[in-house]
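Input: a single structure, listed below in structure tokens.
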Amino acid sequence: GNSVTQMEGPVTLSEEAFLTINCTYTATGYPSLFWYVQYPGEGLQLLLKATKADDKGSNKGFEATYRKETTSFHLEKGSVQVSDSAVYFCALSDQEDSSYKLIFGSGTRLLVRP
Amino acid sequence: ETGVTQSPTHLIKTRGQQVTLRCSSQSGHNTVSWYQQALGQGPQFIFQYYREEENGRGNFPPRFSGLQFPNYSSELNVNALELDDSALYLCASSSRQGAYEQYFGPGTRLTVT
């Protein structure tokens, strides 16, 4: 079945460092890909998405490019802030029967130090 | 625009009891999905509701059931609670046209003792 694999955390960076969180997927067909962020004690917030190969999703300085040839959707940010500390989830769309569900990776915790 | 809301925020139940969690979808959204997030893991799809009917189900037993109401709000019911049911339960709403673009509520933290 479809699945998502994320790099294990925690990822610890100093403020203004460059961020990469790796995400690879296994899927039949052409899923949409998403990054969600979860701040402590909160639900998930949609950070960015890409719906087809070579699409680049971007939001709040974060970017990710849908790479079909490498089945990847790595999250990047050029200069992280302390406020970016959170857990980041990569997800793909999966339509089985008549539902439209998301399949999530296990999450990567990011800790940014001042 | 009102976002997805869930109630209660926290809940403590005893093994064997039953629980009902509630979700109000975001304005303009008619599809509701429920996910279970165990500690340190990603969310797992429980089921989805559209037009008041279950519209797909993940690998969860029948003691997990739900409802959707005409105003698109939804309930998740869990019978015969087990210790492993302790988790954060997330509700997400979406429009049918953008069904994969799901917007999540803050979740209900369920603890089963």
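The way I read the labels, and the way they are meant: chains A, B, ... in the order of the structure tokens, residue 1 as the first residue of every chain, and ligand 1 as the first ligand shown, with later ones counted on from there.
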Listing only residues of stretch 20-111 of chain A within 9 Å of stretch 32-55 of chain B, what is the closest atom pair and its distance in Å (to one decimal) for each, using only C-alpha atoms, sorted by chain and residue number ascending, as JSON lines?
```
{"residue": "A:Phe89", "atom": "CA", "partner": "B:Gly42", "partner_atom": "CA", "distance": 7.1}
{"residue": "A:Asp97", "atom": "CA", "partner": "B:Asn55", "partner_atom": "CA", "distance": 8.0}
{"residue": "A:Ser98", "atom": "CA", "partner": "B:Asn55", "partner_atom": "CA", "distance": 5.8}
{"residue": "A:Ser99", "atom": "CA", "partner": "B:Asn55", "partner_atom": "CA", "distance": 5.3}
{"residue": "A:Tyr100", "atom": "CA", "partner": "B:Gln48", "partner_atom": "CA", "distance": 7.8}
{"residue": "A:Lys101", "atom": "CA", "partner": "B:Phe45", "partner_atom": "CA", "distance": 6.7}
{"residue": "A:Leu102", "atom": "CA", "partner": "B:Phe45", "partner_atom": "CA", "distance": 7.1}
{"residue": "A:Ile103", "atom": "CA", "partner": "B:Gln44", "partner_atom": "CA", "distance": 7.1}
{"residue": "A:Phe104", "atom": "CA", "partner": "B:Gly42", "partner_atom": "CA", "distance": 5.6}
{"residue": "A:Gly105", "atom": "CA", "partner": "B:Gly42", "partner_atom": "CA", "distance": 5.7}
{"residue": "A:Ser106", "atom": "CA", "partner": "B:Gly42", "partner_atom": "CA", "distance": 4.4}
{"residue": "A:Gly107", "atom": "CA", "partner": "B:Gly42", "partner_atom": "CA", "distance": 5.9}
```
Grab the residues selected above and save them as a compact mmCIF listing (two decimals), in the first residue's frame with all heavy atoms.
```txt
# COMPACT_ATOMS: atom_id res chain seq x y z
N PHE A 89 5.03 16.91 9.57
CA PHE A 89 4.54 15.66 9.00
C PHE A 89 4.41 15.78 7.49
O PHE A 89 3.78 16.72 6.98
CB PHE A 89 3.15 15.32 9.57
CG PHE A 89 3.15 14.96 11.02
CD1 PHE A 89 2.92 15.92 11.98
CD2 PHE A 89 3.38 13.65 11.42
CE1 PHE A 89 2.91 15.60 13.33
CE2 PHE A 89 3.38 13.32 12.77
CZ PHE A 89 3.14 14.29 13.72
N ASP A 97 -11.53 2.99 -1.98
CA ASP A 97 -12.99 2.98 -2.06
C ASP A 97 -13.44 4.39 -2.42
O ASP A 97 -12.94 4.95 -3.39
CB ASP A 97 -13.65 2.44 -0.77
CG ASP A 97 -13.14 3.06 0.52
OD1 ASP A 97 -13.34 4.26 0.71
OD2 ASP A 97 -12.51 2.34 1.30
N SER A 98 -14.28 5.00 -1.68
CA SER A 98 -14.76 6.33 -2.07
C SER A 98 -14.26 7.43 -1.15
O SER A 98 -14.74 8.56 -1.21
CB SER A 98 -16.29 6.33 -2.10
OG SER A 98 -16.80 5.89 -0.86
N SER A 99 -13.31 7.11 -0.29
CA SER A 99 -12.83 8.12 0.64
C SER A 99 -11.60 8.81 0.10
O SER A 99 -10.92 8.30 -0.80
CB SER A 99 -12.49 7.48 1.99
OG SER A 99 -11.35 6.67 1.87
N TYR A 100 -11.35 9.97 0.64
CA TYR A 100 -10.17 10.76 0.29
C TYR A 100 -9.35 10.92 1.56
O TYR A 100 -9.56 11.86 2.32
CB TYR A 100 -10.58 12.12 -0.26
CG TYR A 100 -11.36 12.04 -1.55
CD1 TYR A 100 -12.72 11.80 -1.55
CD2 TYR A 100 -10.72 12.19 -2.77
CE1 TYR A 100 -13.43 11.72 -2.73
CE2 TYR A 100 -11.42 12.12 -3.97
CZ TYR A 100 -12.78 11.88 -3.94
OH TYR A 100 -13.48 11.81 -5.11
N LYS A 101 -8.46 9.99 1.81
CA LYS A 101 -7.74 10.03 3.07
C LYS A 101 -6.30 10.48 2.86
O LYS A 101 -5.77 10.47 1.74
CB LYS A 101 -7.76 8.66 3.73
CG LYS A 101 -7.01 7.60 2.97
CD LYS A 101 -7.10 6.27 3.70
CE LYS A 101 -6.36 5.18 2.97
NZ LYS A 101 -6.51 3.87 3.64
N LEU A 102 -5.69 10.88 3.95
CA LEU A 102 -4.28 11.24 3.96
C LEU A 102 -3.50 10.16 4.69
O LEU A 102 -3.96 9.66 5.73
CB LEU A 102 -4.08 12.58 4.65
CG LEU A 102 -4.71 13.80 3.97
CD1 LEU A 102 -4.53 15.04 4.83
CD2 LEU A 102 -4.13 14.03 2.59
N ILE A 103 -2.35 9.82 4.15
CA ILE A 103 -1.43 8.91 4.82
C ILE A 103 -0.24 9.72 5.27
O ILE A 103 0.40 10.41 4.46
CB ILE A 103 -1.00 7.78 3.88
CG1 ILE A 103 -2.21 6.90 3.53
CG2 ILE A 103 0.10 6.94 4.51
CD1 ILE A 103 -1.91 5.82 2.53
N PHE A 104 0.07 9.65 6.55
CA PHE A 104 1.10 10.47 7.16
C PHE A 104 2.36 9.68 7.45
O PHE A 104 2.32 8.47 7.75
CB PHE A 104 0.60 11.07 8.49
CG PHE A 104 -0.42 12.16 8.32
CD1 PHE A 104 -1.77 11.85 8.21
CD2 PHE A 104 -0.03 13.48 8.28
CE1 PHE A 104 -2.72 12.85 8.06
CE2 PHE A 104 -0.98 14.50 8.14
CZ PHE A 104 -2.32 14.18 8.02
N GLY A 105 3.48 10.39 7.41
CA GLY A 105 4.70 9.85 7.96
C GLY A 105 4.66 9.96 9.48
O GLY A 105 3.69 10.46 10.07
N SER A 106 5.73 9.50 10.10
CA SER A 106 5.76 9.46 11.57
C SER A 106 6.13 10.78 12.21
O SER A 106 6.11 10.90 13.43
CB SER A 106 6.73 8.37 12.03
OG SER A 106 8.01 8.62 11.48
N GLY A 107 6.49 11.76 11.38
CA GLY A 107 6.78 13.08 11.91
C GLY A 107 8.26 13.28 12.22
O GLY A 107 8.97 12.34 12.57
```
Next on the checklist: If the cut-off is 12 Å, can you tell me the residues of chain A near chain B, counting only C-alpha atoms? I'd like them as a PyMOL selection string.
Outcome noted: chain A and resi 3-6+8-10+31-51+87-109
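From atom CA of A:Leu19 back to atom CA of A:Pro114, the distance works out to 14.8 Å.
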Checklist entry - Out of chain A, which residues get strand (DSSP E) from DSSP, as an MDAnalysis selection string? => result chainID A and resid 3:6 11:14 19:21 23:26 33:38 44:50 56:59 62:65 75:77 86:96 99:104 108:113
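The space separating atom CA of B:Asn71 from atom CA of B:Thr20 comes to 17.9 Å.
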Checklist entry - Distance atom CA of B:Phe60-atom CA of A:Thr71, one decimal place? => result 28.4 Å
